[in-house]
Amino acid sequence: MPLALPPTLDRAMHYALRVFTVLAAVSALTLVAAAVLQVLAPDQVNWVVWLRAAAYTAGGLWLVTLVRAVRRSADRSAFTRVRIVSVLAPIGILALVVAPDSGYPVWMKVEQAFFGVLLLPLGLALLRPSMKRALLAAQQGESVQAA
């Protein structure tokens, strides 16, 4: 039986699940777009595009599993990983988008900016001390139910 998370944490994890699902799906579509562009406009695709799209696809799927672990059992290590990625990813994305010589074509910078916009509210929400308290409350509730 899934664990009932406090409402604020549950809403944040529900949003995280949607964001990471979109991130994985869009990144998978980016791989398809890269394959098409490799034929039609090879100057728009380089090894960085392939690497980033593949890493984001795999990373998005990994993050979906972490969010599910948080929602299922208030897994603290999964929560910590989701929190770290949600806070640091927008910072890295901002650096990638504004860097003039990042190696990314403009179309991929736009895609990455989209991810940053989706991740920023999640990162800010998960930084709130109330989220960590909500996780701890859920964990204590689970141990009380199990006893």
# chains A, B, ... in the order shown; residues from 1 in each chain; ligands from 1
$ residues_around --residues "range 82-95 of chain A" --least-positions-apart "2" --cutoff "10 Å" --atoms "only C-alpha atoms" --output "VMD selection string"
chain A and resid 13 16 20 59 62 to 64 66 to 67 70 76 to 80 97 to 100 102 109 111 to 127 131 to 132
$ residues_around --residues "His14 in chain A" --least-positions-apart "5" --cutoff "10 Å" --atoms "only C-alpha atoms" --output "list in words"
Thr8, Leu9, Val19, Val67, Arg68 and Arg71 of chain A
$ write_last_selection --atoms "all heavy atoms" --output "short mmCIF file (atom, residue, chain, number, x, y, z; two decimals), in the first residue's frame"
data_model
loop_
_atom_site.label_atom_id
_atom_site.label_comp_id
_atom_site.auth_asym_id
_atom_site.auth_seq_id
_atom_site.Cartn_x
_atom_site.Cartn_y
_atom_site.Cartn_z
N THR A 8 1.55 18.96 0.86
CA THR A 8 2.52 19.81 0.17
C THR A 8 3.58 18.98 -0.53
O THR A 8 3.94 19.25 -1.68
CB THR A 8 3.20 20.80 1.14
OG1 THR A 8 3.80 20.07 2.21
CG2 THR A 8 2.22 21.81 1.68
N LEU A 9 4.08 17.97 0.15
CA LEU A 9 5.09 17.11 -0.45
C LEU A 9 4.49 16.27 -1.58
O LEU A 9 5.12 16.08 -2.62
CB LEU A 9 5.72 16.20 0.61
CG LEU A 9 6.84 15.27 0.13
CD1 LEU A 9 7.97 16.05 -0.54
CD2 LEU A 9 7.36 14.44 1.28
N VAL A 19 7.12 16.61 -14.51
CA VAL A 19 8.28 17.30 -15.11
C VAL A 19 9.29 16.28 -15.64
O VAL A 19 9.75 16.39 -16.78
CB VAL A 19 8.97 18.24 -14.09
CG1 VAL A 19 10.33 18.69 -14.58
CG2 VAL A 19 8.08 19.44 -13.82
N VAL A 67 11.24 9.58 -7.96
CA VAL A 67 10.01 10.22 -7.48
C VAL A 67 9.01 9.17 -7.04
O VAL A 67 8.35 9.31 -6.00
CB VAL A 67 9.41 11.15 -8.57
CG1 VAL A 67 8.02 11.61 -8.17
CG2 VAL A 67 10.32 12.34 -8.81
N ARG A 68 8.91 8.10 -7.79
CA ARG A 68 7.99 7.02 -7.40
C ARG A 68 8.39 6.41 -6.05
O ARG A 68 7.53 6.05 -5.25
CB ARG A 68 7.93 5.96 -8.48
CG ARG A 68 7.15 6.44 -9.69
CD ARG A 68 7.05 5.37 -10.75
NE ARG A 68 6.25 5.85 -11.86
CZ ARG A 68 6.31 5.35 -13.08
NH1 ARG A 68 7.11 4.34 -13.35
NH2 ARG A 68 5.55 5.84 -14.02
N ARG A 71 7.23 8.79 -3.39
CA ARG A 71 5.77 8.71 -3.22
C ARG A 71 5.33 7.38 -2.61
O ARG A 71 4.35 7.33 -1.88
CB ARG A 71 5.07 8.92 -4.56
CG ARG A 71 5.29 10.35 -5.09
CD ARG A 71 4.54 10.62 -6.33
NE ARG A 71 3.18 11.04 -5.95
CZ ARG A 71 2.17 11.08 -6.80
NH1 ARG A 71 2.35 10.72 -8.05
NH2 ARG A 71 0.99 11.49 -6.40
#
$ closest_residue --among "A:Ala55, A:Val45, A:Arg11, A:Trp50" --to "Trp107 in chain A" --atoms "only C-alpha atoms"
A:Val45
$ atom_distance --atom1 "CA of Pro105 in chain A" --atom2 "CA of Gln44 in chain A"
6.0 Å
$ closest_residue --among "A:Leu136, A:Val48, A:Leu17, A:Ala53" --to "Ala33 in chain A" --atoms "only C-alpha atoms"
A:Ala53
$ closest_residue --among "A:Ala4, A:Ala41, A:Ala24, A:Ala58" --to "Gly141 in chain A" --atoms "only C-alpha atoms"
A:Ala4
$ select_by_dssp --residues "range 41-128 of chain A" --states "alpha helix (DSSP H)" --output "number ranges by chain"
A: 47-73, 76-98, 106-127
$ closest_residue --among "A:Thr30, A:Thr21, A:Ser130, A:Gln139" --to "Gly60 in chain A" --atoms "only C-alpha atoms"
A:Thr21
$ closest_residue --among "A:Ala138, A:Arg133, A:Met108, A:Arg72" --to "Asn46 in chain A" --atoms "only C-alpha atoms"
A:Met108
$ closest_residue --among "A:Leu23, A:Ala35, A:Val110, A:Ala74" --to "Pro6 in chain A" --atoms "only C-alpha atoms"
A:Ala74
$ residues_around --residues "Leu31 in chain A" --least-positions-apart "5" --cutoff "9 Å" --atoms "only C-alpha atoms" --output "list in words"
Val26, Val36, Val49, Trp50, Ala53, Ala54 and Thr57 of chain A
$ write_last_selection --atoms "all heavy atoms" --output "mmCIF file, in the first residue's frame"
data_model
loop_
_atom_site.group_PDB
_atom_site.id
_atom_site.type_symbol
_atom_site.label_atom_id
_atom_site.label_comp_id
_atom_site.auth_asym_id
_atom_site.auth_seq_id
_atom_site.Cartn_x
_atom_site.Cartn_y
_atom_site.Cartn_z
ATOM 1 N N VAL A 26 10.577 14.398 -24.050
ATOM 2 C CA VAL A 26 11.104 15.414 -24.972
ATOM 3 C C VAL A 26 12.540 15.069 -25.360
ATOM 4 O O VAL A 26 12.932 15.236 -26.519
ATOM 5 C CB VAL A 26 10.994 16.828 -24.364
ATOM 6 C CG1 VAL A 26 11.742 17.848 -25.202
ATOM 7 C CG2 VAL A 26 9.529 17.227 -24.209
ATOM 8 N N VAL A 36 17.088 12.915 -37.620
ATOM 9 C CA VAL A 36 16.567 13.546 -38.835
ATOM 10 C C VAL A 36 17.489 14.685 -39.274
ATOM 11 O O VAL A 36 17.842 14.796 -40.451
ATOM 12 C CB VAL A 36 15.122 14.054 -38.606
ATOM 13 C CG1 VAL A 36 14.650 14.911 -39.764
ATOM 14 C CG2 VAL A 36 14.178 12.877 -38.380
ATOM 15 N N VAL A 49 25.110 17.131 -28.833
ATOM 16 C CA VAL A 49 23.654 16.991 -28.949
ATOM 17 C C VAL A 49 23.259 15.547 -28.643
ATOM 18 O O VAL A 49 22.340 15.293 -27.848
ATOM 19 C CB VAL A 49 23.177 17.410 -30.356
ATOM 20 C CG1 VAL A 49 21.734 16.998 -30.589
ATOM 21 C CG2 VAL A 49 23.365 18.899 -30.572
ATOM 22 N N TRP A 50 23.960 14.614 -29.256
ATOM 23 C CA TRP A 50 23.657 13.198 -29.033
ATOM 24 C C TRP A 50 23.849 12.821 -27.565
ATOM 25 O O TRP A 50 22.994 12.146 -26.970
ATOM 26 C CB TRP A 50 24.540 12.317 -29.910
ATOM 27 C CG TRP A 50 24.180 12.359 -31.359
ATOM 28 C CD1 TRP A 50 24.859 13.021 -32.346
ATOM 29 C CD2 TRP A 50 23.064 11.734 -31.982
ATOM 30 N NE1 TRP A 50 24.220 12.837 -33.545
ATOM 31 C CE2 TRP A 50 23.117 12.043 -33.356
ATOM 32 C CE3 TRP A 50 22.021 10.938 -31.526
ATOM 33 C CZ2 TRP A 50 22.179 11.585 -34.269
ATOM 34 C CZ3 TRP A 50 21.079 10.481 -32.431
ATOM 35 C CH2 TRP A 50 21.162 10.804 -33.775
ATOM 36 N N ALA A 53 21.147 14.599 -25.231
ATOM 37 C CA ALA A 53 19.800 14.035 -25.418
ATOM 38 C C ALA A 53 19.711 12.628 -24.831
ATOM 39 O O ALA A 53 18.720 12.290 -24.169
ATOM 40 C CB ALA A 53 19.432 14.034 -26.896
ATOM 41 N N ALA A 54 20.724 11.824 -25.048
ATOM 42 C CA ALA A 54 20.719 10.460 -24.492
ATOM 43 C C ALA A 54 20.790 10.497 -22.963
ATOM 44 O O ALA A 54 20.061 9.769 -22.282
ATOM 45 C CB ALA A 54 21.886 9.661 -25.062
ATOM 46 N N THR A 57 17.449 11.651 -21.553
ATOM 47 C CA THR A 57 16.433 10.609 -21.655
ATOM 48 C C THR A 57 16.613 9.604 -20.518
ATOM 49 O O THR A 57 15.668 9.306 -19.780
ATOM 50 C CB THR A 57 16.506 9.887 -23.015
ATOM 51 O OG1 THR A 57 16.333 10.857 -24.057
ATOM 52 C CG2 THR A 57 15.437 8.817 -23.144
#
$ decode --residues "chain A" --atoms "C-alpha atoms" --output "PDB file, in the first residue's frame"
ATOM      1  CA  MET A   1       0.000   0.000   0.000  1.00  0.00           C
ATOM      2  CA  PRO A   2       1.465   3.395  -1.000  1.00  0.00           C
ATOM      3  CA  LEU A   3       2.390   5.762   1.778  1.00  0.00           C
ATOM      4  CA  ALA A   4       0.248   8.878   2.199  1.00  0.00           C
ATOM      5  CA  LEU A   5       2.538  11.880   1.923  1.00  0.00           C
ATOM      6  CA  PRO A   6       1.619  15.217   3.471  1.00  0.00           C
ATOM      7  CA  PRO A   7      -0.271  17.304   0.880  1.00  0.00           C
ATOM      8  CA  THR A   8       2.521  19.812   0.166  1.00  0.00           C
ATOM      9  CA  LEU A   9       5.094  17.107  -0.452  1.00  0.00           C
ATOM     10  CA  ASP A  10       2.618  15.019  -2.445  1.00  0.00           C
ATOM     11  CA  ARG A  11       1.849  17.995  -4.721  1.00  0.00           C
ATOM     12  CA  ALA A  12       5.560  18.656  -5.227  1.00  0.00           C
ATOM     13  CA  MET A  13       6.254  14.996  -6.027  1.00  0.00           C
ATOM     14  CA  HIS A  14       3.282  14.863  -8.392  1.00  0.00           C
ATOM     15  CA  TYR A  15       4.676  17.914 -10.205  1.00  0.00           C
ATOM     16  CA  ALA A  16       8.149  16.323 -10.187  1.00  0.00           C
ATOM     17  CA  LEU A  17       6.739  13.169 -11.747  1.00  0.00           C
ATOM     18  CA  ARG A  18       5.145  15.185 -14.542  1.00  0.00           C
ATOM     19  CA  VAL A  19       8.281  17.295 -15.109  1.00  0.00           C
ATOM     20  CA  PHE A  20      10.642  14.325 -15.272  1.00  0.00           C
ATOM     21  CA  THR A  21       8.266  12.383 -17.522  1.00  0.00           C
ATOM     22  CA  VAL A  22       8.117  15.349 -19.907  1.00  0.00           C
ATOM     23  CA  LEU A  23      11.891  15.742 -19.694  1.00  0.00           C
ATOM     24  CA  ALA A  24      12.459  12.089 -20.635  1.00  0.00           C
ATOM     25  CA  ALA A  25       9.867  12.159 -23.431  1.00  0.00           C
ATOM     26  CA  VAL A  26      11.104  15.414 -24.972  1.00  0.00           C
ATOM     27  CA  SER A  27      14.694  14.186 -24.742  1.00  0.00           C
ATOM     28  CA  ALA A  28      13.738  10.965 -26.521  1.00  0.00           C
ATOM     29  CA  LEU A  29      12.090  13.080 -29.227  1.00  0.00           C
ATOM     30  CA  THR A  30      15.293  15.128 -29.357  1.00  0.00           C
ATOM     31  CA  LEU A  31      17.165  11.955 -30.248  1.00  0.00           C
ATOM     32  CA  VAL A  32      14.716  11.411 -33.112  1.00  0.00           C
ATOM     33  CA  ALA A  33      15.112  15.059 -34.199  1.00  0.00           C
ATOM     34  CA  ALA A  34      18.893  14.691 -34.074  1.00  0.00           C
ATOM     35  CA  ALA A  35      18.700  11.649 -36.331  1.00  0.00           C
ATOM     36  CA  VAL A  36      16.567  13.546 -38.835  1.00  0.00           C
ATOM     37  CA  LEU A  37      18.753  16.650 -38.658  1.00  0.00           C
ATOM     38  CA  GLN A  38      21.881  14.512 -39.048  1.00  0.00           C
ATOM     39  CA  VAL A  39      20.602  13.774 -42.568  1.00  0.00           C
ATOM     40  CA  LEU A  40      18.928  17.086 -43.451  1.00  0.00           C
ATOM     41  CA  ALA A  41      21.145  19.647 -41.684  1.00  0.00           C
ATOM     42  CA  PRO A  42      24.255  17.949 -40.293  1.00  0.00           C
ATOM     43  CA  ASP A  43      25.675  21.283 -39.128  1.00  0.00           C
ATOM     44  CA  GLN A  44      22.851  21.378 -36.523  1.00  0.00           C
ATOM     45  CA  VAL A  45      23.942  18.134 -34.841  1.00  0.00           C
ATOM     46  CA  ASN A  46      27.197  17.298 -33.135  1.00  0.00           C
ATOM     47  CA  TRP A  47      28.338  14.778 -30.550  1.00  0.00           C
ATOM     48  CA  VAL A  48      27.243  17.066 -27.680  1.00  0.00           C
ATOM     49  CA  VAL A  49      23.654  16.991 -28.949  1.00  0.00           C
ATOM     50  CA  TRP A  50      23.657  13.198 -29.033  1.00  0.00           C
ATOM     51  CA  LEU A  51      25.273  12.904 -25.618  1.00  0.00           C
ATOM     52  CA  ARG A  52      23.003  15.424 -23.896  1.00  0.00           C
ATOM     53  CA  ALA A  53      19.800  14.035 -25.418  1.00  0.00           C
ATOM     54  CA  ALA A  54      20.719  10.460 -24.492  1.00  0.00           C
ATOM     55  CA  ALA A  55      21.774  11.459 -20.979  1.00  0.00           C
ATOM     56  CA  TYR A  56      18.594  13.469 -20.407  1.00  0.00           C
ATOM     57  CA  THR A  57      16.433  10.609 -21.655  1.00  0.00           C
ATOM     58  CA  ALA A  58      18.097   8.139 -19.289  1.00  0.00           C
ATOM     59  CA  GLY A  59      18.283  10.695 -16.480  1.00  0.00           C
ATOM     60  CA  GLY A  60      14.615  11.576 -16.831  1.00  0.00           C
ATOM     61  CA  LEU A  61      13.634   7.921 -16.529  1.00  0.00           C
ATOM     62  CA  TRP A  62      15.908   7.515 -13.495  1.00  0.00           C
ATOM     63  CA  LEU A  63      14.340  10.567 -11.863  1.00  0.00           C
ATOM     64  CA  VAL A  64      10.841   9.193 -12.504  1.00  0.00           C
ATOM     65  CA  THR A  65      11.812   6.052 -10.569  1.00  0.00           C
ATOM     66  CA  LEU A  66      13.206   8.185  -7.727  1.00  0.00           C
ATOM     67  CA  VAL A  67      10.012  10.225  -7.480  1.00  0.00           C
ATOM     68  CA  ARG A  68       7.989   7.019  -7.397  1.00  0.00           C
ATOM     69  CA  ALA A  69      10.171   5.786  -4.518  1.00  0.00           C
ATOM     70  CA  VAL A  70       9.493   8.993  -2.604  1.00  0.00           C
ATOM     71  CA  ARG A  71       5.768   8.714  -3.221  1.00  0.00           C
ATOM     72  CA  ARG A  72       5.680   5.007  -2.406  1.00  0.00           C
ATOM     73  CA  SER A  73       7.767   4.892   0.775  1.00  0.00           C
ATOM     74  CA  ALA A  74       9.061   8.398   1.607  1.00  0.00           C
ATOM     75  CA  ASP A  75      12.529   7.228   0.573  1.00  0.00           C
ATOM     76  CA  ARG A  76      14.921   9.826   1.972  1.00  0.00           C
ATOM     77  CA  SER A  77      17.822   9.088  -0.375  1.00  0.00           C
ATOM     78  CA  ALA A  78      15.504   9.300  -3.402  1.00  0.00           C
ATOM     79  CA  PHE A  79      14.107  12.585  -2.088  1.00  0.00           C
ATOM     80  CA  THR A  80      17.629  13.949  -1.600  1.00  0.00           C
ATOM     81  CA  ARG A  81      18.613  13.013  -5.158  1.00  0.00           C
ATOM     82  CA  VAL A  82      15.457  14.559  -6.634  1.00  0.00           C
ATOM     83  CA  ARG A  83      16.080  17.687  -4.562  1.00  0.00           C
ATOM     84  CA  ILE A  84      19.730  18.023  -5.627  1.00  0.00           C
ATOM     85  CA  VAL A  85      18.969  17.518  -9.326  1.00  0.00           C
ATOM     86  CA  SER A  86      16.005  19.909  -9.189  1.00  0.00           C
ATOM     87  CA  VAL A  87      18.147  22.638  -7.637  1.00  0.00           C
ATOM     88  CA  LEU A  88      21.378  22.183  -9.593  1.00  0.00           C
ATOM     89  CA  ALA A  89      19.974  21.392 -13.053  1.00  0.00           C
ATOM     90  CA  PRO A  90      18.494  24.866 -13.670  1.00  0.00           C
ATOM     91  CA  ILE A  91      21.846  26.411 -12.732  1.00  0.00           C
ATOM     92  CA  GLY A  92      23.700  24.170 -15.191  1.00  0.00           C
ATOM     93  CA  ILE A  93      21.083  24.779 -17.856  1.00  0.00           C
ATOM     94  CA  LEU A  94      21.402  28.549 -17.415  1.00  0.00           C
ATOM     95  CA  ALA A  95      25.170  28.277 -17.879  1.00  0.00           C
ATOM     96  CA  LEU A  96      24.670  26.184 -21.021  1.00  0.00           C
ATOM     97  CA  VAL A  97      22.106  28.572 -22.496  1.00  0.00           C
ATOM     98  CA  VAL A  98      24.122  31.765 -21.946  1.00  0.00           C
ATOM     99  CA  ALA A  99      27.552  30.339 -22.820  1.00  0.00           C
ATOM    100  CA  PRO A 100      28.478  31.523 -26.315  1.00  0.00           C
ATOM    101  CA  ASP A 101      30.780  28.571 -27.048  1.00  0.00           C
ATOM    102  CA  SER A 102      28.919  25.704 -25.372  1.00  0.00           C
ATOM    103  CA  GLY A 103      28.848  23.606 -28.541  1.00  0.00           C
ATOM    104  CA  TYR A 104      25.060  23.409 -28.532  1.00  0.00           C
ATOM    105  CA  PRO A 105      23.025  24.606 -31.495  1.00  0.00           C
ATOM    106  CA  VAL A 106      20.370  27.251 -30.799  1.00  0.00           C
ATOM    107  CA  TRP A 107      17.495  24.767 -31.132  1.00  0.00           C
ATOM    108  CA  MET A 108      18.939  22.655 -28.325  1.00  0.00           C
ATOM    109  CA  LYS A 109      19.549  25.694 -26.130  1.00  0.00           C
ATOM    110  CA  VAL A 110      15.841  26.465 -26.501  1.00  0.00           C
ATOM    111  CA  GLU A 111      14.984  22.909 -25.472  1.00  0.00           C
ATOM    112  CA  GLN A 112      17.282  23.152 -22.462  1.00  0.00           C
ATOM    113  CA  ALA A 113      15.806  26.525 -21.453  1.00  0.00           C
ATOM    114  CA  PHE A 114      12.372  24.859 -21.529  1.00  0.00           C
ATOM    115  CA  PHE A 115      13.648  22.208 -19.108  1.00  0.00           C
ATOM    116  CA  GLY A 116      15.106  24.897 -16.859  1.00  0.00           C
ATOM    117  CA  VAL A 117      11.779  26.730 -16.728  1.00  0.00           C
ATOM    118  CA  LEU A 118      10.036  23.479 -15.738  1.00  0.00           C
ATOM    119  CA  LEU A 119      12.634  22.564 -13.119  1.00  0.00           C
ATOM    120  CA  LEU A 120      13.060  25.948 -11.450  1.00  0.00           C
ATOM    121  CA  PRO A 121       9.755  25.970  -9.485  1.00  0.00           C
ATOM    122  CA  LEU A 122      10.378  22.383  -8.396  1.00  0.00           C
ATOM    123  CA  GLY A 123      13.874  23.191  -7.164  1.00  0.00           C
ATOM    124  CA  LEU A 124      12.619  26.228  -5.272  1.00  0.00           C
ATOM    125  CA  ALA A 125       9.771  24.244  -3.707  1.00  0.00           C
ATOM    126  CA  LEU A 126      12.026  21.374  -2.629  1.00  0.00           C
ATOM    127  CA  LEU A 127      14.486  23.778  -1.000  1.00  0.00           C
ATOM    128  CA  ARG A 128      11.840  24.856   1.495  1.00  0.00           C
ATOM    129  CA  PRO A 129      12.500  23.422   4.959  1.00  0.00           C
ATOM    130  CA  SER A 130       8.826  22.430   5.157  1.00  0.00           C
ATOM    131  CA  MET A 131       9.402  19.830   2.433  1.00  0.00           C
ATOM    132  CA  LYS A 132      12.075  18.045   4.435  1.00  0.00           C
ATOM    133  CA  ARG A 133       9.849  18.193   7.523  1.00  0.00           C
ATOM    134  CA  ALA A 134       6.984  16.738   5.490  1.00  0.00           C
ATOM    135  CA  LEU A 135       9.202  13.859   4.385  1.00  0.00           C
ATOM    136  CA  LEU A 136      10.263  13.181   7.971  1.00  0.00           C
ATOM    137  CA  ALA A 137       6.622  13.268   9.089  1.00  0.00           C
ATOM    138  CA  ALA A 138       5.715  10.751   6.385  1.00  0.00           C
ATOM    139  CA  GLN A 139       8.564   8.468   7.457  1.00  0.00           C
ATOM    140  CA  GLN A 140       7.475   8.614  11.092  1.00  0.00           C
ATOM    141  CA  GLY A 141       3.891   7.896  10.089  1.00  0.00           C
ATOM    142  CA  GLU A 142       5.062   4.841   8.192  1.00  0.00           C
ATOM    143  CA  SER A 143       7.004   3.463  11.162  1.00  0.00           C
ATOM    144  CA  VAL A 144       4.020   4.054  13.454  1.00  0.00           C
ATOM    145  CA  GLN A 145       1.728   2.182  11.032  1.00  0.00           C
ATOM    146  CA  ALA A 146       4.195  -0.695  10.775  1.00  0.00           C
ATOM    147  CA  ALA A 147       4.481  -1.080  14.572  1.00  0.00           C
TER     148      ALA A 147
END
